[in-house]
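Visitor: Please find one structure pasted underneath; my questions will follow.
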Amino acid sequence: MPDLAVKAPAAIATPPGAPRTSRFKTPGEGSSLAISVTTVFALIALWFTATHFEWVKPLFLPSPQAVFGQFIDYLTGTANDKPLAHHFVASMGRVFGAFVLAVLTAVPVGIAMGMSSVARGIFDPPIEFYRPLPPLSYLPLIIIWFGIEELPKVLLIYLSCFAPLALAARAGMRSASQEQIHAAYSMGASYVQVIRHVILPSALPEVLVGMRIAIGFGWTTLVAAEMVAANVGLGQMVLNASNFLRTDIVIMGIVVIGVVAYAFDLLMRWVERRLVPWKGRM
C-alpha cells in the first residue's frame, strides 16, 4: 500500500540557530503616509463641498477660502488684531517654558518614585489626586494665589505637563530587567553606574513617550491658560474671536495650534528614532 503521508517542504524547516521571520508583515511607513495624506485631502474636499453647496451655514462652518484668507491677514498683519507672529511667540513661550520646567522637575521625581518607596509614598498621592482634574477646575485657585500675570498661565500648563512626565519616568524605571542589573553588578559596576548605564537607558523610551503626551496636554491647556487676563496668544485669539462669532478666525487658530502640536510630535518621533533606535526591535 503506498504511503499517503505528506511530508513538509524542506523550505519550511528552520535550521538551528537561524533567525525566525514572522509570517505577519506590518504595513510600511510609506503606505501609512500615503493613506494619511489621502485622508487629509479627502476631509478638505468634504469641507469645501459642504460649504460650497451650503450644507452648513457659514456661521457654523466657514469655507476653507475664508479661513485661509484670515490666516493670510493675520500673517501679514492686516487683520484687526495683533499679527499672528505675536500670538505665536507668546504662546510658544508659555507652552515650551512650562514644558521645559516640567521636564527638569518631573523626570527626576518620576525616577525617584521608581527607585524609592519613600519617594513614591510622598509624590504619588498628590500626583494621582490632581492628575484626573481638568485644568479649569483649579484655575480659579491659581488666580487667587498667584494673580493674573504671566505666572498663573505658565503654572497651569506646567501642572498639565508634570503628571504624565512623572508617571512615564516612573514606569520607565521598571523597564530594566533584573538580569541586566545583576549582570552589571557582576561585572563590577557601582550603584551609580548601574543607574547611568542600565536603568536610565531602559527608561528613556518611556520618558520620550511621556514627553510627547505632556506637550499634547500643554497645548490642550493653552486656551484655558490664556483665559487669565491675556491680551496676546493663540488661545486668546481664539477666545476673543469666539466672543464675536468669528468662526473663521476660531478655526484658523485651532488649525495653527494643531499643526504646531503635530510638528512637535513629529520632532519627538525623530528624536526617539535617534536616541532609542532599539525601541520596537527587541
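In the C-alpha cells, chains take letters A, B, ... by order of appearance, with residues numbered from 1 within each chain and ligands from 1 in the order shown.
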Write out as JSON lines the residues of stretch 18-118 of chain A that have any atom within 12 Å of an atom of stretch 153-166 of chain A, one row each with the nearest atom pair and its distance in Å to one decimal, counting only C-alpha atoms, sorted by chain and then rising number.

Guide:
{"residue": "A:Ala90", "atom": "CA", "partner": "A:Val154", "partner_atom": "CA", "distance": 11.1}
{"residue": "A:Ser91", "atom": "CA", "partner": "A:Val154", "partner_atom": "CA", "distance": 9.9}
{"residue": "A:Met92", "atom": "CA", "partner": "A:Val154", "partner_atom": "CA", "distance": 10.8}
{"residue": "A:Gly93", "atom": "CA", "partner": "A:Val154", "partner_atom": "CA", "distance": 8.9}
{"residue": "A:Arg94", "atom": "CA", "partner": "A:Val154", "partner_atom": "CA", "distance": 5.5}
{"residue": "A:Val95", "atom": "CA", "partner": "A:Ile157", "partner_atom": "CA", "distance": 6.5}
{"residue": "A:Phe96", "atom": "CA", "partner": "A:Ile157", "partner_atom": "CA", "distance": 9.2}
{"residue": "A:Gly97", "atom": "CA", "partner": "A:Val154", "partner_atom": "CA", "distance": 7.3}
{"residue": "A:Ala98", "atom": "CA", "partner": "A:Tyr158", "partner_atom": "CA", "distance": 4.6}
{"residue": "A:Phe99", "atom": "CA", "partner": "A:Tyr158", "partner_atom": "CA", "distance": 6.2}
{"residue": "A:Val100", "atom": "CA", "partner": "A:Tyr158", "partner_atom": "CA", "distance": 8.7}
{"residue": "A:Leu101", "atom": "CA", "partner": "A:Tyr158", "partner_atom": "CA", "distance": 7.1}
{"residue": "A:Ala102", "atom": "CA", "partner": "A:Phe162", "partner_atom": "CA", "distance": 5.1}
{"residue": "A:Val103", "atom": "CA", "partner": "A:Leu165", "partner_atom": "CA", "distance": 6.9}
{"residue": "A:Leu104", "atom": "CA", "partner": "A:Phe162", "partner_atom": "CA", "distance": 9.7}
{"residue": "A:Thr105", "atom": "CA", "partner": "A:Phe162", "partner_atom": "CA", "distance": 7.9}
{"residue": "A:Ala106", "atom": "CA", "partner": "A:Ala166", "partner_atom": "CA", "distance": 4.7}
{"residue": "A:Val107", "atom": "CA", "partner": "A:Ala166", "partner_atom": "CA", "distance": 5.4}
{"residue": "A:Pro108", "atom": "CA", "partner": "A:Ala166", "partner_atom": "CA", "distance": 7.8}
{"residue": "A:Val109", "atom": "CA", "partner": "A:Ala166", "partner_atom": "CA", "distance": 6.1}
{"residue": "A:Gly110", "atom": "CA", "partner": "A:Ala166", "partner_atom": "CA", "distance": 4.2}
{"residue": "A:Ile111", "atom": "CA", "partner": "A:Ala166", "partner_atom": "CA", "distance": 7.7}
{"residue": "A:Ala112", "atom": "CA", "partner": "A:Ala166", "partner_atom": "CA", "distance": 9.4}
{"residue": "A:Met113", "atom": "CA", "partner": "A:Ala166", "partner_atom": "CA", "distance": 8.4}
{"residue": "A:Gly114", "atom": "CA", "partner": "A:Ala166", "partner_atom": "CA", "distance": 9.7}

Visitor: With C-alpha atoms retained, could you export that selection as an mmCIF file, in the first residue's frame?

Guide:
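Saved to selection33.cif:
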data_model
loop_
_atom_site.group_PDB
_atom_site.id
_atom_site.type_symbol
_atom_site.label_atom_id
_atom_site.label_comp_id
_atom_site.auth_asym_id
_atom_site.auth_seq_id
_atom_site.Cartn_x
_atom_site.Cartn_y
_atom_site.Cartn_z
ATOM 1 C CA ALA A 90 3.639 84.445 23.183
ATOM 2 C CA SER A 91 2.001 81.007 23.166
ATOM 3 C CA MET A 92 5.238 79.214 22.304
ATOM 4 C CA GLY A 93 6.976 80.938 25.203
ATOM 5 C CA ARG A 94 4.287 79.869 27.648
ATOM 6 C CA VAL A 95 3.909 76.284 26.451
ATOM 7 C CA PHE A 96 7.558 75.411 25.954
ATOM 8 C CA GLY A 97 8.705 77.354 29.017
ATOM 9 C CA ALA A 98 6.300 75.327 31.141
ATOM 10 C CA PHE A 99 7.260 72.141 29.289
ATOM 11 C CA VAL A 100 10.991 72.586 29.911
ATOM 12 C CA LEU A 101 10.357 73.277 33.591
ATOM 13 C CA ALA A 102 8.188 70.154 33.793
ATOM 14 C CA VAL A 103 10.891 68.011 32.171
ATOM 15 C CA LEU A 104 13.547 69.317 34.559
ATOM 16 C CA THR A 105 11.429 68.588 37.633
ATOM 17 C CA ALA A 106 9.010 65.770 36.743
ATOM 18 C CA VAL A 107 11.578 63.366 35.281
ATOM 19 C CA PRO A 108 13.771 63.370 38.442
ATOM 20 C CA VAL A 109 10.636 62.961 40.565
ATOM 21 C CA GLY A 110 9.495 60.027 38.430
ATOM 22 C CA ILE A 111 12.927 58.415 38.625
ATOM 23 C CA ALA A 112 12.906 58.821 42.400
ATOM 24 C CA MET A 113 9.416 57.296 42.583
ATOM 25 C CA GLY A 114 10.598 54.318 40.558
#

Visitor: Write out as a ChimeraX atom specification the residues lying within 10 Å of A:Phe48, counting only C-alpha atoms and excluding same-chain residues fewer than 6 positions away.

Guide: /A:42,54,62-65

Visitor: With C-alpha atoms kept, could you save the residues just selected as an mmCIF file, in the first residue's frame?

Guide:
data_model
loop_
_atom_site.group_PDB
_atom_site.id
_atom_site.type_symbol
_atom_site.label_atom_id
_atom_site.label_comp_id
_atom_site.auth_asym_id
_atom_site.auth_seq_id
_atom_site.Cartn_x
_atom_site.Cartn_y
_atom_site.Cartn_z
ATOM 1 C CA ALA A 42 -10.485 63.886 1.475
ATOM 2 C CA GLU A 54 -24.176 75.494 1.764
ATOM 3 C CA PRO A 62 -16.921 78.890 7.126
ATOM 4 C CA SER A 63 -15.351 77.947 3.820
ATOM 5 C CA PRO A 64 -11.688 76.941 3.512
ATOM 6 C CA GLN A 65 -11.135 80.101 1.459
#

Visitor: Please return, as number ranges by chain, all residues of stretch 50-277 of chain A that DSSP assigns to alpha helix (DSSP H) on the basis of the backbone.

Guide: A: 50-52, 64-76, 84-115, 117-130, 135-146, 150-172, 178-186, 191-194, 200-225, 234-243, 247-275

Visitor: Between A:Leu43, A:Ala261, A:Val250, A:Trp270, which has the minimum distance to A:Phe60 (counting only C-alpha atoms)?

Guide: A:Val250

Visitor: Which distance in Å separates atom CA of A:Pro126 and atom CA of A:Pro140, to one decimal?

Guide: 18.6 Å

Visitor: Could you jot down the atom CA of A:Val256 to atom CA of A:Trp55 separation for me, Å, one decimal place?

Guide: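 According to the coordinates, atom CA of A:Val256 and atom CA of A:Trp55 are separated by 25.1 Å.
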
Visitor: Find the residue from A:Ser32, A:Asn231, A:Thr221, A:Thr51 that sits nearest to A:Ser137; use only C-alpha atoms when measuring.

Guide: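 Nearest candidate to A:Ser137 out of A:Ser32, A:Asn231, A:Thr221, A:Thr51: A:Thr221.
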
Visitor: Neighbouring residues of A:Ile143 were defined as those with any atom within 9 Å, considering only C-alpha atoms; residues of the same chain fewer than 6 positions away were excluded. Please report them as a PDB file with N, CA and C atoms, in the first residue's frame.

Guide:
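Once everything was written out, this is around.pdb:
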ATOM      1  N   GLU A 149      -1.051  87.681  36.346  1.00  0.00           N
ATOM      2  CA  GLU A 149       0.090  87.989  35.486  1.00  0.00           C
ATOM      3  C   GLU A 149       0.490  86.738  34.689  1.00  0.00           C
ATOM      4  N   PRO A 152       0.545  82.527  36.552  1.00  0.00           N
ATOM      5  CA  PRO A 152      -0.521  81.514  36.566  1.00  0.00           C
ATOM      6  C   PRO A 152      -0.715  80.822  35.228  1.00  0.00           C
ATOM      7  N   VAL A 228      -6.654  83.759  31.445  1.00  0.00           N
ATOM      8  CA  VAL A 228      -6.284  84.557  32.611  1.00  0.00           C
ATOM      9  C   VAL A 228      -5.734  85.898  32.125  1.00  0.00           C
TER      10      VAL A 228
END

Visitor: Just checking: using only C-alpha atoms, which residue out of A:Ala66, A:Ala241, A:Ala229, A:Leu61 ends up closest to A:Gly147?

Guide: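 That would be A:Ala229, the residue with the smallest distance to A:Gly147.
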
Visitor: I want to know what sits within 12 Å of A:Val89, based on only C-alpha atoms, with residues of the same chain fewer than 6 positions away left out; could you give that as a count of residues only?

Guide: 10

Visitor: Here is a test: counting only C-alpha atoms, which residue of A:Pro58, A:Asn240, A:Ile35, A:Gly210 is nearest to A:Asn80?

Guide: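 Answer, going by the shortest atom-to-atom distance: A:Asn240.
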